[in-house]
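What follows is a short report on a single structure.
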2 protein chains.
Amino acid sequence: MGQAKYSVGVDFGTESGRALLVKVENGEEVASSVYEYKDGVIDDFLPGSDIKLEPDWALQNPADYIQTLKKTIPDLLDKSGVDPKNIIGIGIDFTSCTMMPTDKKGTPLCMINKYKDNPHSWVKIWKHHAAQPEADRINEVARKRKEDFLPWYGGKYSSEWFFSKSLQILDEAPEIYEAADRLIEGADWIVLQMTEKERRNSCTAGYKALWNFDKGFPSPDFFRALDSRFENIVEEKMSEDIYSLGEKAGGLTKEVARLTGLIEGTSVAVGNVDAHVSVPAATITLARKMLMVMGTSICHMMVDKNLHIIPGLCGIVKEGILPGYYGYEAGQSGVGDIFAWFVKNCVPKEYSEEAARKGVDIHNLLEEKASTSKPGESGLVALDWWNGNRSILVDTDLSGLLLGCTLETKPEEIYRALIEATAFGTYKIINTFEENGVKIEELYACGGLPEKNKLLMQIYADVTGREIKIAASSQTPALGSAMFGAVAAGKKKGGYDSIVEAAGKMAHLKVKRFRPDEENHSLYEKIYTEYEKLHDYFGRGENDVMKRLKRQRIAGSV
Amino acid sequence: MGQAKYSVGVDFGTESGRALLVKVENGEEVASSVYEYKDGVIDDFLPGSDIKLEPDWALQNPADYIQTLKKTIPDLLDKSGVDPKNIIGIGIDFTSCTMMPTDKKGTPLCMINKYKDNPHSWVKIWKHHAAQPEADRINEVARKRKEDFLPWYGGKYSSEWFFSKSLQILDEAPEIYEAADRLIEGADWIVLQMTEKERRNSCTAGYKALWNFDKGFPSPDFFRALDSRFENIVEEKMSEDIYSLGEKAGGLTKEVARLTGLIEGTSVAVGNVDAHVSVPAATITLARKMLMVMGTSICHMMVDKNLHIIPGLCGIVKEGILPGYYGYEAGQSGVGDIFAWFVKNCVPKEYSEEAARKGVDIHNLLEEKASTSKPGESGLVALDWWNGNRSILVDTDLSGLLLGCTLETKPEEIYRALIEATAFGTYKIINTFEENGVKIEELYACGGLPEKNKLLMQIYADVTGREIKIAASSQTPALGSAMFGAVAAGKKKGGYDSIVEAAGKMAHLKVKRFRPDEENHSLYEKIYTEYEKLHDYFGRGENDVMKRLKRQRIAGSV
């Protein structure tokens, strides 16, 4: 055996890009590097201008993606001293749907003087929420035409997704739409920059752009029904060549090799999405195992050999997560966000002072105080809809509920009830999978929350009655990307021929697992019964008070 | 006309007794004085002993009542320089039900060495909640026997009331029950001390001891059904001579005259209860006007010439508030308490610091922040059941609910939603009165809250769509007692012959009134519709989740 081989994974996030240098043989993380995007999330003014964005806009500057490569990869080489010749592959993952218009050469229109003052020429990131009218139109037309793709997406196409954003460009800036030779995902764009090859990946195509492995994209008829100018968007501005995850996109160009210090021709994997690429990085390469990517929200990721139409999912995509499998994605739109809201808005001064005195953060203090009580002891139950409900009700107009308050209720009890509510939300998703034929035997977790909050993980285990294993890496997306980089390189070059093989060697779990306490689980079953009853009462139309209050709220603030 | 005449009112509260010297001619408050009870509320150990009380016990020391007279009345004389000869009458009011066992001479058993180590020999005050099993038995027996008094008391006899407490003594300390020549309300006991006459008042008899103006007390059969030893409680340990409010109990004894500096023979009115005595002190002497006594809780007081059986009231008592009228009392068990809970548990450090910087208290800061928004703008609605629901559901097992939370929800919005919820609770009570034939045209308020929180008063006006007038005195109970003292003295001695007359001269309103804003009222009508729907869903058996959670809470903490 020759010298150790390495691969690089680059995770393009919301505020920064993060690169990881990994030993191919065993997944050892040799070096990491972060680049904070110079322009961050652009939601106020276009950079260096007085051009104001409307509410709900969220953009990025693609120059920050190039800077990420330029800053982080040389840094990896510096820190590790690894010879670039031994770096056999590189993979990337991106937030999604993050999309932009480019010219024929792939130059983003926002980098061209003529267009740069038009906000629509910039990159719309996942949390750009200004395309709601377009999403509404897509849903209305799809329902009217009885398009069969809707059930694959929880019955609703999101304002965050590719065609909502594309249609917003057409609606509001037809000249930009016209000028765009390509409309492209960030993941595919950066791969295009690295390889000069347009290799659109099956994950973003499937989860965000209605692409189906067996049927391709929706028909021109459907797009024409949205707008006659939109009829040929796929043919004119996209590509029907979709590449499966694990395929090689091409070799690194001379220019990017120079920029990064890597060797020209280094294998580059097709792009991927952060949550999806984390699945094999958390050791999952088979069915019956669900990954929870836990942070401000939770993404629930699963694969299965067969197709099951499960209501309320974010998406079901064949080849969307692992080759040869249907990928299932569900999600909770608010989790860590809710705890952060609570800590910011609802924790009294005495607690802040106690935390400061003990030198712990407030989450830890609340965790400590909340951990001594038993399930049900507070008498509280909550609905975790502070940010709406993604799965399985797919309804952004729902809102949070707290029930059972008394004059004795303590902050840590509310905090715990909020944690429990998010766990019930996950349990509801698990049960919905199982009721629809997809068994879930094991839970895996990665992301920020499992590292930070042991009580939360134990509650998830107790509520769901399932053991939870934790991914060893604190940077699962970048690790997953590096794994796909090693697969793109292939066994001959010292990598792997499949992601399953790569996962077997490079992905690991922490020793610490969270095992359900049976007594707690049975106590939680009772509270979950209450949660479900409230969930259905407020979420399925019996009492639409949350929607009515939201409408009155909007009307009132006008 | 001779020299100005005065009367004294003494308000025996939970933590202190408060005396007021009032000019009879115009109600001018000439002097006031407060005595903080030395033993306060006894809920831990019996005073000066290591005798521990069980949970939910709450006692007082009757020596503190005598001390109140001894400390405050001389202080009034000192401060005012008024000649005791010109003080024509004295009235008192008490918290209720506050009851004690005494010997034949009226000496409380707790003052007798032989009994003082038994907690049951002490005064059980209104918030003594340890007689729930006895209350349950009373309700069960009354329902079984189809006793016709239950509907007069919201369908439920309270653990706080006279026979629950008496039966607890019998159950747990039969020797004390046996030794008690009298079981007597604090209000009647202090009058007995002042006059050597047992003149039980119609207010406590009616509201707390099931006395009915036309029918008297329940039958010995009923009491025997509770316990054979309880059969003759009324005959043996109480009195069937019940005196109407406004009657004279007697003249001040020589001993109490010496103790207080007043003149022997000064007219003493029969006793009264704080909330009830406030009605004429807030100028109300007619039907169609509701008084809200607003503090930690709200008492809603009304009179009407006719009998209407209104569901969910605390009590309906002929001669219970004003002579010649049926008195109606309803209530909300948590109001100011809920805001205090919120401020203690849910207000972030930044707000505490901002309040300190501005030199205002946190309630004022929250009020200021909350006052800029319009009804419905927060999208929140709450059920104000943090301390259960008194009227009109009469259910202590209900708990608080907050609905409509988002990641943008601010503390002041929750604070406002809690205020609104208590206002909806009052509106529900008003509407229940009206649906049952008792019109409410005007609202009056007294107590701590109207003085402190303008936003709250405006919200109550806007929610109920009614103007709210505020009693001028900040000590309405003591003023009301002084008014009854002037009535006990009678016109010949420079007082009045009726409480209506006295109220016409001595009771006043503040100039500031709270007028409903019509636009806000109509916005609130929409939210009230939601409140009512949730109220009925959670309060009337469709979803008993609150009760089930409470049971699990109790089971869990065992």
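Naming scheme: A, B, ... for chains in displayed order of the structure tokens; residues 1 onward per chain; ligands 1 onward as shown.
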Item to complete: Please identify which residues in stretch 193-428 of chain B DSSP calls alpha helix (DSSP H) from the backbone, and express them as JSON, numbers by chain.
Response: {"B": [193, 194, 195, 202, 203, 204, 205, 206, 207, 208, 209, 220, 221, 222, 223, 224, 225, 226, 233, 234, 235, 236, 237, 254, 255, 256, 257, 258, 259, 260, 274, 275, 276, 277, 278, 279, 280, 281, 336, 337, 338, 339, 340, 341, 342, 343, 344, 345, 349, 350, 351, 352, 353, 354, 355, 356, 357, 358, 362, 363, 364, 365, 366, 367, 368, 369, 370, 411, 412, 413, 414, 415, 416, 417, 418, 419, 420, 421, 422, 423, 424, 425, 426, 427, 428]}
Find the nearest atom pair between each residue of chain B and chain A for residues within 7 Å, count only C-alpha atoms, give distances in Å to one decimal, sort rows by chain and ascending number, and present the table as a Markdown table.
```
| residue | atom | partner | partner_atom | distance |
| --- | --- | --- | --- | --- |
| B:Ile338 | CA | A:Leu407 | CA | 6.7 |
| B:Trp341 | CA | A:Leu407 | CA | 6.0 |
| B:Lys344 | CA | A:Pro348 | CA | 6.9 |
| B:Asn345 | CA | A:Pro348 | CA | 5.6 |
| B:Cys346 | CA | A:Cys346 | CA | 4.3 |
| B:Val347 | CA | A:Pro348 | CA | 5.0 |
| B:Pro348 | CA | A:Pro348 | CA | 4.7 |
| B:Lys349 | CA | A:Lys349 | CA | 4.1 |
| B:Ser352 | CA | A:Lys349 | CA | 6.8 |
| B:Lys374 | CA | A:Gly556 | CA | 6.6 |
| B:Gly376 | CA | A:Arg553 | CA | 5.4 |
| B:Glu377 | CA | A:Arg553 | CA | 4.3 |
| B:Ser378 | CA | A:Arg553 | CA | 6.0 |
| B:Gly379 | CA | A:Leu549 | CA | 4.9 |
| B:Trp386 | CA | A:Thr406 | CA | 4.1 |
| B:Asn387 | CA | A:Thr406 | CA | 5.8 |
| B:Ser399 | CA | A:Gly404 | CA | 4.8 |
| B:Gly400 | CA | A:Cys405 | CA | 4.4 |
| B:Leu401 | CA | A:Leu403 | CA | 4.3 |
| B:Leu402 | CA | A:Leu402 | CA | 5.2 |
| B:Leu403 | CA | A:Leu401 | CA | 4.3 |
| B:Gly404 | CA | A:Ser399 | CA | 4.8 |
| B:Cys405 | CA | A:Gly400 | CA | 4.4 |
| B:Thr406 | CA | A:Trp386 | CA | 4.1 |
| B:Leu407 | CA | A:Trp386 | CA | 5.6 |
| B:Lys410 | CA | A:Asn345 | CA | 6.5 |
| B:Pro411 | CA | A:Asn345 | CA | 6.0 |
| B:Glu530 | CA | A:Val545 | CA | 6.5 |
| B:Val545 | CA | A:Glu530 | CA | 6.5 |
| B:Met546 | CA | A:Gly404 | CA | 6.0 |
| B:Leu549 | CA | A:Gly379 | CA | 4.9 |
| B:Lys550 | CA | A:Gly379 | CA | 5.5 |
| B:Gln552 | CA | A:Gly376 | CA | 6.0 |
| B:Arg553 | CA | A:Glu377 | CA | 4.3 |
| B:Gly556 | CA | A:Glu377 | CA | 5.1 |
| B:Ser557 | CA | A:Glu377 | CA | 5.8 |
```
Keeping N, CA, C and O atoms, export the residues of the selection given above as a short mmCIF file (atom, residue, chain, number, x, y, z; two decimals), in the first residue's frame.
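The file below, selection.cif, is the result:
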```cif
data_model
loop_
_atom_site.label_atom_id
_atom_site.label_comp_id
_atom_site.auth_asym_id
_atom_site.auth_seq_id
_atom_site.Cartn_x
_atom_site.Cartn_y
_atom_site.Cartn_z
N ILE B 338 -51.89 36.03 37.65
CA ILE B 338 -51.33 35.55 36.38
C ILE B 338 -50.27 36.52 35.87
O ILE B 338 -49.20 36.12 35.41
N TRP B 341 -47.26 36.08 37.96
CA TRP B 341 -46.57 34.86 37.52
C TRP B 341 -45.72 35.14 36.28
O TRP B 341 -44.56 34.76 36.19
N LYS B 344 -42.69 37.25 37.03
CA LYS B 344 -41.68 36.51 37.78
C LYS B 344 -40.96 35.47 36.91
O LYS B 344 -39.78 35.26 37.05
N ASN B 345 -41.70 34.85 36.01
CA ASN B 345 -41.17 33.68 35.31
C ASN B 345 -40.80 33.87 33.85
O ASN B 345 -40.08 33.05 33.31
N CYS B 346 -41.32 34.89 33.22
CA CYS B 346 -41.23 34.92 31.75
C CYS B 346 -40.69 36.22 31.17
O CYS B 346 -40.84 36.44 29.96
N VAL B 347 -40.12 37.08 31.97
CA VAL B 347 -39.65 38.35 31.41
C VAL B 347 -38.12 38.34 31.35
O VAL B 347 -37.46 38.13 32.35
N PRO B 348 -37.58 38.54 30.15
CA PRO B 348 -36.13 38.40 30.00
C PRO B 348 -35.34 39.51 30.70
O PRO B 348 -35.86 40.58 30.97
N LYS B 349 -34.10 39.18 30.93
CA LYS B 349 -33.15 40.09 31.59
C LYS B 349 -33.14 41.48 30.96
O LYS B 349 -33.14 42.49 31.68
N SER B 352 -35.89 43.52 32.32
CA SER B 352 -35.68 43.89 33.71
C SER B 352 -34.71 45.07 33.77
O SER B 352 -34.90 46.03 34.52
N LYS B 374 -52.51 46.84 18.17
CA LYS B 374 -53.97 46.78 18.06
C LYS B 374 -54.48 45.38 18.44
O LYS B 374 -53.73 44.41 18.37
N GLY B 376 -55.58 41.83 18.26
CA GLY B 376 -55.38 40.81 17.23
C GLY B 376 -54.05 40.88 16.53
O GLY B 376 -53.70 39.98 15.78
N GLU B 377 -53.30 41.94 16.78
CA GLU B 377 -52.06 42.12 16.02
C GLU B 377 -51.01 41.08 16.36
O GLU B 377 -50.15 40.76 15.54
N SER B 378 -51.05 40.54 17.56
CA SER B 378 -50.06 39.53 17.94
C SER B 378 -50.42 38.15 17.44
O SER B 378 -49.58 37.26 17.41
N GLY B 379 -51.69 37.95 17.06
CA GLY B 379 -52.12 36.62 16.66
C GLY B 379 -52.27 35.65 17.81
O GLY B 379 -52.44 34.45 17.60
N TRP B 386 -54.92 29.84 34.61
CA TRP B 386 -53.70 29.52 35.37
C TRP B 386 -54.04 29.04 36.79
O TRP B 386 -53.30 28.27 37.36
N ASN B 387 -55.14 29.55 37.33
CA ASN B 387 -55.56 29.15 38.67
C ASN B 387 -56.93 28.48 38.62
O ASN B 387 -57.75 28.60 39.52
N SER B 399 -56.63 24.47 33.35
CA SER B 399 -55.32 25.14 33.40
C SER B 399 -55.18 26.10 32.23
O SER B 399 -56.00 26.11 31.31
N GLY B 400 -54.12 26.88 32.27
CA GLY B 400 -53.94 27.96 31.29
C GLY B 400 -53.48 27.48 29.94
O GLY B 400 -52.82 26.44 29.82
N LEU B 401 -53.85 28.24 28.92
CA LEU B 401 -53.49 27.90 27.55
C LEU B 401 -53.07 29.17 26.82
O LEU B 401 -53.67 30.23 27.00
N LEU B 402 -52.02 29.04 26.00
CA LEU B 402 -51.58 30.14 25.14
C LEU B 402 -51.48 29.58 23.74
O LEU B 402 -50.84 28.55 23.53
N LEU B 403 -52.10 30.26 22.78
CA LEU B 403 -52.17 29.75 21.41
C LEU B 403 -51.80 30.87 20.45
O LEU B 403 -52.18 32.02 20.66
N GLY B 404 -51.07 30.52 19.39
CA GLY B 404 -50.74 31.50 18.36
C GLY B 404 -49.29 31.95 18.40
O GLY B 404 -48.92 32.91 17.73
N CYS B 405 -48.44 31.23 19.15
CA CYS B 405 -47.04 31.63 19.28
C CYS B 405 -46.28 31.44 17.96
O CYS B 405 -46.48 30.45 17.25
N THR B 406 -45.41 32.39 17.67
CA THR B 406 -44.50 32.26 16.54
C THR B 406 -43.10 32.64 17.02
O THR B 406 -42.94 33.08 18.16
N LEU B 407 -42.15 32.49 16.13
CA LEU B 407 -40.78 32.86 16.50
C LEU B 407 -40.64 34.37 16.67
O LEU B 407 -39.64 34.84 17.20
N LYS B 410 -43.39 38.35 21.05
CA LYS B 410 -42.60 39.10 22.04
C LYS B 410 -43.25 38.99 23.43
O LYS B 410 -44.46 38.80 23.54
N PRO B 411 -42.44 39.15 24.49
CA PRO B 411 -42.99 39.06 25.85
C PRO B 411 -44.18 39.98 26.06
O PRO B 411 -45.17 39.57 26.68
N GLU B 530 -63.24 33.24 19.24
CA GLU B 530 -62.24 32.16 19.34
C GLU B 530 -62.08 31.72 20.80
O GLU B 530 -61.98 30.53 21.10
N VAL B 545 -58.39 17.23 28.23
CA VAL B 545 -56.93 17.09 28.32
C VAL B 545 -56.36 17.75 29.58
O VAL B 545 -55.44 17.21 30.21
N MET B 546 -56.90 18.91 29.96
CA MET B 546 -56.33 19.59 31.14
C MET B 546 -56.49 18.76 32.41
O MET B 546 -55.59 18.68 33.23
N LEU B 549 -54.09 15.75 32.16
CA LEU B 549 -52.71 16.14 32.44
C LEU B 549 -52.52 16.43 33.91
O LEU B 549 -51.48 16.12 34.48
N LYS B 550 -53.52 17.02 34.53
CA LYS B 550 -53.39 17.31 35.96
C LYS B 550 -53.31 16.01 36.76
O LYS B 550 -52.51 15.89 37.68
N GLN B 552 -52.20 13.19 35.68
CA GLN B 552 -50.88 12.59 35.43
C GLN B 552 -49.80 13.37 36.20
O GLN B 552 -48.85 12.78 36.71
N ARG B 553 -49.98 14.69 36.30
CA ARG B 553 -49.03 15.51 37.03
C ARG B 553 -48.99 15.08 38.49
O ARG B 553 -47.92 14.91 39.07
N GLY B 556 -47.50 11.71 38.73
CA GLY B 556 -46.06 11.75 38.43
C GLY B 556 -45.23 12.27 39.57
O GLY B 556 -44.09 11.88 39.76
N SER B 557 -45.81 13.18 40.37
CA SER B 557 -45.01 13.80 41.41
C SER B 557 -45.07 13.01 42.71
O SER B 557 -44.42 13.35 43.68
#
```
Discussion item. Excluding stretch 234-241 of chain B and its own-chain neighbours fewer than 3 positions away, which residues fall within 6 Å of it when counting only C-alpha atoms? Please give them as a ChimeraX atom specification.
Written reply: /B:181-183
Discussion item. Env of B:Gln475: 10 Å cut, atoms = only C-alpha atoms, seq-sep filter 5 positions within chain, self excluded. Answer as a ChimeraX atom specification.
Written reply: /B:9,11,18-20,29,32,278,281,446-448,480
Discussion item. Here is a test: counting only C-alpha atoms, which residue of A:Glu542, A:Glu134, A:Glu198, A:Glu451 is nearest to A:Leu226?
Written reply: A:Glu134
Discussion item. I want to know what sits within 12 Å of A:Ile73, based on only C-alpha atoms, with residues of the same chain fewer than 4 positions away left out; could you give that as a PyMOL selection string?
Written reply: chain A and resi 7-11+17-21+31-35+66-69+77-82+84+87+90+256-263
Worksheet item: If you count only C-alpha atoms, which residues fall within 12 Å of A:Tyr207, apart from same-chain ones fewer than 2 positions away, as an MDAnalysis selection string?
Response: chainID A and resid 96:97 149:150 152:154 157:158 160:163 185 201:205 209:213 217 272:273 275:276 313:321 326:330
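Residues with any atom within 9 Å of stretch 505-509 of chain B, counting only C-alpha atoms and excluding same-chain neighbours fewer than 5 positions away, are Val22, Lys23, Val24, Glu25, Asn26, Gly27, Glu28, Pro280, Ala281, Ala282, Thr283, Ile284, Lys469, Ile470, Ala471, Ala472, Ser473, Thr476, Leu479, Gly480, Met483 and Val500 of chain B.
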Output file for the residues above (N, CA and C atoms, as a CSV table (one decimal), in the first residue's frame):
```
chain,number,residue,atom,x,y,z
B,22,VAL,N,-63.5,58.2,58.6
B,22,VAL,CA,-64.2,58.9,57.4
B,22,VAL,C,-65.2,59.9,57.9
B,23,LYS,N,-65.2,61.1,57.3
B,23,LYS,CA,-66.2,62.1,57.6
B,23,LYS,C,-67.6,61.6,57.1
B,24,VAL,N,-68.6,61.5,57.9
B,24,VAL,CA,-69.9,61.0,57.6
B,24,VAL,C,-70.6,61.8,56.5
B,25,GLU,N,-70.4,63.1,56.6
B,25,GLU,CA,-71.1,64.1,55.8
B,25,GLU,C,-70.8,63.8,54.3
B,26,ASN,N,-69.5,63.6,54.0
B,26,ASN,CA,-69.1,63.5,52.6
B,26,ASN,C,-68.2,62.4,52.2
B,27,GLY,N,-67.9,61.5,53.2
B,27,GLY,CA,-67.0,60.4,52.9
B,27,GLY,C,-65.5,60.7,52.8
B,28,GLU,N,-65.2,61.9,53.2
B,28,GLU,CA,-63.8,62.3,53.2
B,28,GLU,C,-63.0,61.4,54.1
B,280,PRO,N,-71.5,49.2,47.8
B,280,PRO,CA,-72.0,50.6,48.0
B,280,PRO,C,-70.9,51.6,48.1
B,281,ALA,N,-69.7,51.1,48.5
B,281,ALA,CA,-68.5,52.1,48.6
B,281,ALA,C,-68.1,52.5,47.2
B,282,ALA,N,-68.5,51.7,46.1
B,282,ALA,CA,-68.2,52.1,44.8
B,282,ALA,C,-69.5,52.8,44.1
B,283,THR,N,-70.3,53.2,45.0
B,283,THR,CA,-71.6,54.0,44.6
B,283,THR,C,-72.7,53.2,44.1
B,284,ILE,N,-72.6,51.8,44.1
B,284,ILE,CA,-73.6,51.0,43.6
B,284,ILE,C,-74.7,50.7,44.6
B,469,LYS,N,-66.3,52.7,35.3
B,469,LYS,CA,-66.1,53.8,36.3
B,469,LYS,C,-65.3,53.2,37.4
B,470,ILE,N,-64.5,54.0,38.0
B,470,ILE,CA,-63.5,53.6,39.0
B,470,ILE,C,-63.9,54.2,40.4
B,471,ALA,N,-64.0,53.4,41.4
B,471,ALA,CA,-64.2,53.9,42.7
B,471,ALA,C,-63.1,54.9,43.1
B,472,ALA,N,-63.5,56.0,43.8
B,472,ALA,CA,-62.6,57.0,44.1
B,472,ALA,C,-61.6,56.5,45.2
B,473,SER,N,-62.1,55.8,46.2
B,473,SER,CA,-61.3,55.4,47.3
B,473,SER,C,-60.4,54.3,46.9
B,476,THR,N,-61.7,50.8,49.3
B,476,THR,CA,-63.2,50.7,49.3
B,476,THR,C,-63.7,49.8,50.4
B,479,LEU,N,-63.8,51.8,53.5
B,479,LEU,CA,-64.8,52.9,53.4
B,479,LEU,C,-66.2,52.3,53.5
B,480,GLY,N,-66.5,51.2,52.8
B,480,GLY,CA,-67.8,50.6,52.9
B,480,GLY,C,-68.1,50.2,54.3
B,483,MET,N,-69.1,53.3,56.1
B,483,MET,CA,-70.5,53.6,55.7
B,483,MET,C,-71.5,52.8,56.5
B,500,VAL,N,-78.2,53.1,51.2
B,500,VAL,CA,-78.4,53.8,49.9
B,500,VAL,C,-78.2,55.3,50.2
```
